[in-house]
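Structure first, then comments.
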Amino acid sequence: MDTPDRQTFGISIYLLRNDTWKQAEYIKKGSYLLFDMEGTEKTFIITHAEKNIVKMIWIILTASAVIAAFLWVRGRGRTHLIGNVHKILKKRA
């Protein structure tokens with residue numbers, strides 16, 4: 001198989017064996033992928049997972065927002081707690 005733009009990142013080859021798809025190992029030779037098959041006829045599929053930078057950015061932004069919200073709520077709780085301690089101490093004095 002001639003790979004697009006000679007890039008093989010994200011390419012997987014699966015062979016159908018006993019009604020189950022099994023991932024096949026392959027080697028790169030120039031712009032070709034070489035893999036072994038038994039017999040003269042075989043069913044196989046080649047998949048290509050594209051790099052989805054936009055999806056990755058959204059995941060990172062969402063995770064960052066959740067962490068920031070957690071830290072903000074946690075920080076407010078401590079401030080509120082410290083304020084209450086000061087009020088209790090002033091009442092005792």
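Identifiers for the structure tokens are assigned positionally: chains receive A, B, ... in sequence, residues are indexed from 1 per chain, and ligands are indexed from 1 in the order shown.
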
Open item on the list: Using only C-alpha atoms, which protein or nucleic acid residues come within 9 Å of A:Lys42? Drop anything in the same chain fewer than 2 positions from it, and give the result as a ChimeraX atom specification.
Closed with: /A:15-17,37-40,44

Helix (DSSP H, G or I) residues, from DSSP on the backbone, in stretch 6-69 of chain A, as an mmCIF file with N, CA and C atoms, in the first residue's frame:
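For reference, out-v9.cif as written:
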```
data_model
loop_
_atom_site.group_PDB
_atom_site.id
_atom_site.type_symbol
_atom_site.label_atom_id
_atom_site.label_comp_id
_atom_site.auth_asym_id
_atom_site.auth_seq_id
_atom_site.Cartn_x
_atom_site.Cartn_y
_atom_site.Cartn_z
ATOM 1 N N ARG A 6 3.707 9.631 2.290
ATOM 2 C CA ARG A 6 4.748 8.847 2.943
ATOM 3 C C ARG A 6 4.654 8.894 4.472
ATOM 4 N N ILE A 53 -6.199 17.673 16.553
ATOM 5 C CA ILE A 53 -5.655 18.661 17.473
ATOM 6 C C ILE A 53 -6.762 19.472 18.129
ATOM 7 N N VAL A 54 -7.834 19.753 17.411
ATOM 8 C CA VAL A 54 -8.928 20.545 17.978
ATOM 9 C C VAL A 54 -9.576 19.789 19.137
ATOM 10 N N LYS A 55 -9.801 18.498 18.951
ATOM 11 C CA LYS A 55 -10.388 17.684 20.014
ATOM 12 C C LYS A 55 -9.464 17.668 21.228
ATOM 13 N N MET A 56 -8.172 17.526 21.010
ATOM 14 C CA MET A 56 -7.216 17.504 22.106
ATOM 15 C C MET A 56 -7.205 18.833 22.847
ATOM 16 N N ILE A 57 -7.286 19.945 22.124
ATOM 17 C CA ILE A 57 -7.314 21.260 22.759
ATOM 18 C C ILE A 57 -8.551 21.396 23.637
ATOM 19 N N TRP A 58 -9.713 20.955 23.139
ATOM 20 C CA TRP A 58 -10.950 21.028 23.935
ATOM 21 C C TRP A 58 -10.848 20.181 25.192
ATOM 22 N N ILE A 59 -10.256 19.010 25.093
ATOM 23 C CA ILE A 59 -10.089 18.155 26.271
ATOM 24 C C ILE A 59 -9.197 18.841 27.301
ATOM 25 N N ILE A 60 -8.104 19.430 26.846
ATOM 26 C CA ILE A 60 -7.178 20.107 27.758
ATOM 27 C C ILE A 60 -7.844 21.325 28.396
ATOM 28 N N LEU A 61 -8.565 22.114 27.597
ATOM 29 C CA LEU A 61 -9.250 23.287 28.145
ATOM 30 C C LEU A 61 -10.313 22.899 29.163
ATOM 31 N N THR A 62 -11.072 21.858 28.868
ATOM 32 C CA THR A 62 -12.114 21.406 29.786
ATOM 33 C C THR A 62 -11.503 20.915 31.093
ATOM 34 N N ALA A 63 -10.459 20.111 30.990
ATOM 35 C CA ALA A 63 -9.787 19.613 32.191
ATOM 36 C C ALA A 63 -9.217 20.770 33.006
ATOM 37 N N SER A 64 -8.637 21.751 32.341
ATOM 38 C CA SER A 64 -8.079 22.915 33.039
ATOM 39 C C SER A 64 -9.173 23.706 33.745
ATOM 40 N N ALA A 65 -10.315 23.861 33.088
ATOM 41 C CA ALA A 65 -11.434 24.587 33.700
ATOM 42 C C ALA A 65 -11.970 23.858 34.923
ATOM 43 N N VAL A 66 -12.069 22.544 34.851
ATOM 44 C CA VAL A 66 -12.545 21.759 36.001
ATOM 45 C C VAL A 66 -11.570 21.882 37.166
ATOM 46 N N ILE A 67 -10.286 21.790 36.884
ATOM 47 C CA ILE A 67 -9.268 21.909 37.941
ATOM 48 C C ILE A 67 -9.299 23.311 38.549
ATOM 49 N N ALA A 68 -9.393 24.335 37.700
ATOM 50 C CA ALA A 68 -9.442 25.718 38.194
ATOM 51 C C ALA A 68 -10.682 25.941 39.061
ATOM 52 N N ALA A 69 -11.829 25.419 38.632
ATOM 53 C CA ALA A 69 -13.057 25.566 39.419
ATOM 54 C C ALA A 69 -12.914 24.863 40.764
#
```

Task: All residues 10 Å or closer to A:Asp36, only C-alpha atoms, same chain fewer than 4 positions away omitted, as an MDAnalysis selection string - done: chainID A and resid 15 24:27

So that I can check the secondary structure, give me every residue of stretch 15-82 of chain A assigned strand (DSSP E) by backbone DSSP, as a PDB file with C-alpha atoms, in the first residue's frame.
```pdb
ATOM      1  CA  LEU A  15      -6.785  -9.209   9.334  1.00  0.00           C
ATOM      2  CA  LEU A  16     -10.030 -11.174   9.576  1.00  0.00           C
ATOM      3  CA  ARG A  17      -9.279 -14.491  11.314  1.00  0.00           C
ATOM      4  CA  THR A  20     -12.560 -11.788  14.421  1.00  0.00           C
ATOM      5  CA  TRP A  21     -10.462  -8.786  13.451  1.00  0.00           C
ATOM      6  CA  LYS A  22      -6.855  -9.143  14.656  1.00  0.00           C
ATOM      7  CA  GLN A  23      -4.335  -6.344  14.385  1.00  0.00           C
ATOM      8  CA  ALA A  24      -1.423  -7.273  12.140  1.00  0.00           C
ATOM      9  CA  ILE A  27       7.102  -2.925   8.686  1.00  0.00           C
ATOM     10  CA  LYS A  28       7.756   0.180   6.643  1.00  0.00           C
ATOM     11  CA  LYS A  29       9.775  -0.125   3.465  1.00  0.00           C
ATOM     12  CA  TYR A  32       5.077   0.920   1.573  1.00  0.00           C
ATOM     13  CA  LEU A  33       3.780  -1.140   4.475  1.00  0.00           C
ATOM     14  CA  LEU A  34       4.615  -4.843   4.417  1.00  0.00           C
ATOM     15  CA  PHE A  44      -8.005  -7.173   5.627  1.00  0.00           C
ATOM     16  CA  ILE A  45      -8.658  -3.535   6.393  1.00  0.00           C
ATOM     17  CA  ILE A  46      -6.326  -0.585   6.792  1.00  0.00           C
ATOM     18  CA  THR A  47      -7.359   2.223   9.111  1.00  0.00           C
ATOM     19  CA  HIS A  48      -5.864   5.638   9.637  1.00  0.00           C
TER      20      HIS A  48
END
```

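Reported to one decimal place, the separation of atom CA of A:Glu41 from atom CA of A:Ile11 is 21.8 Å.
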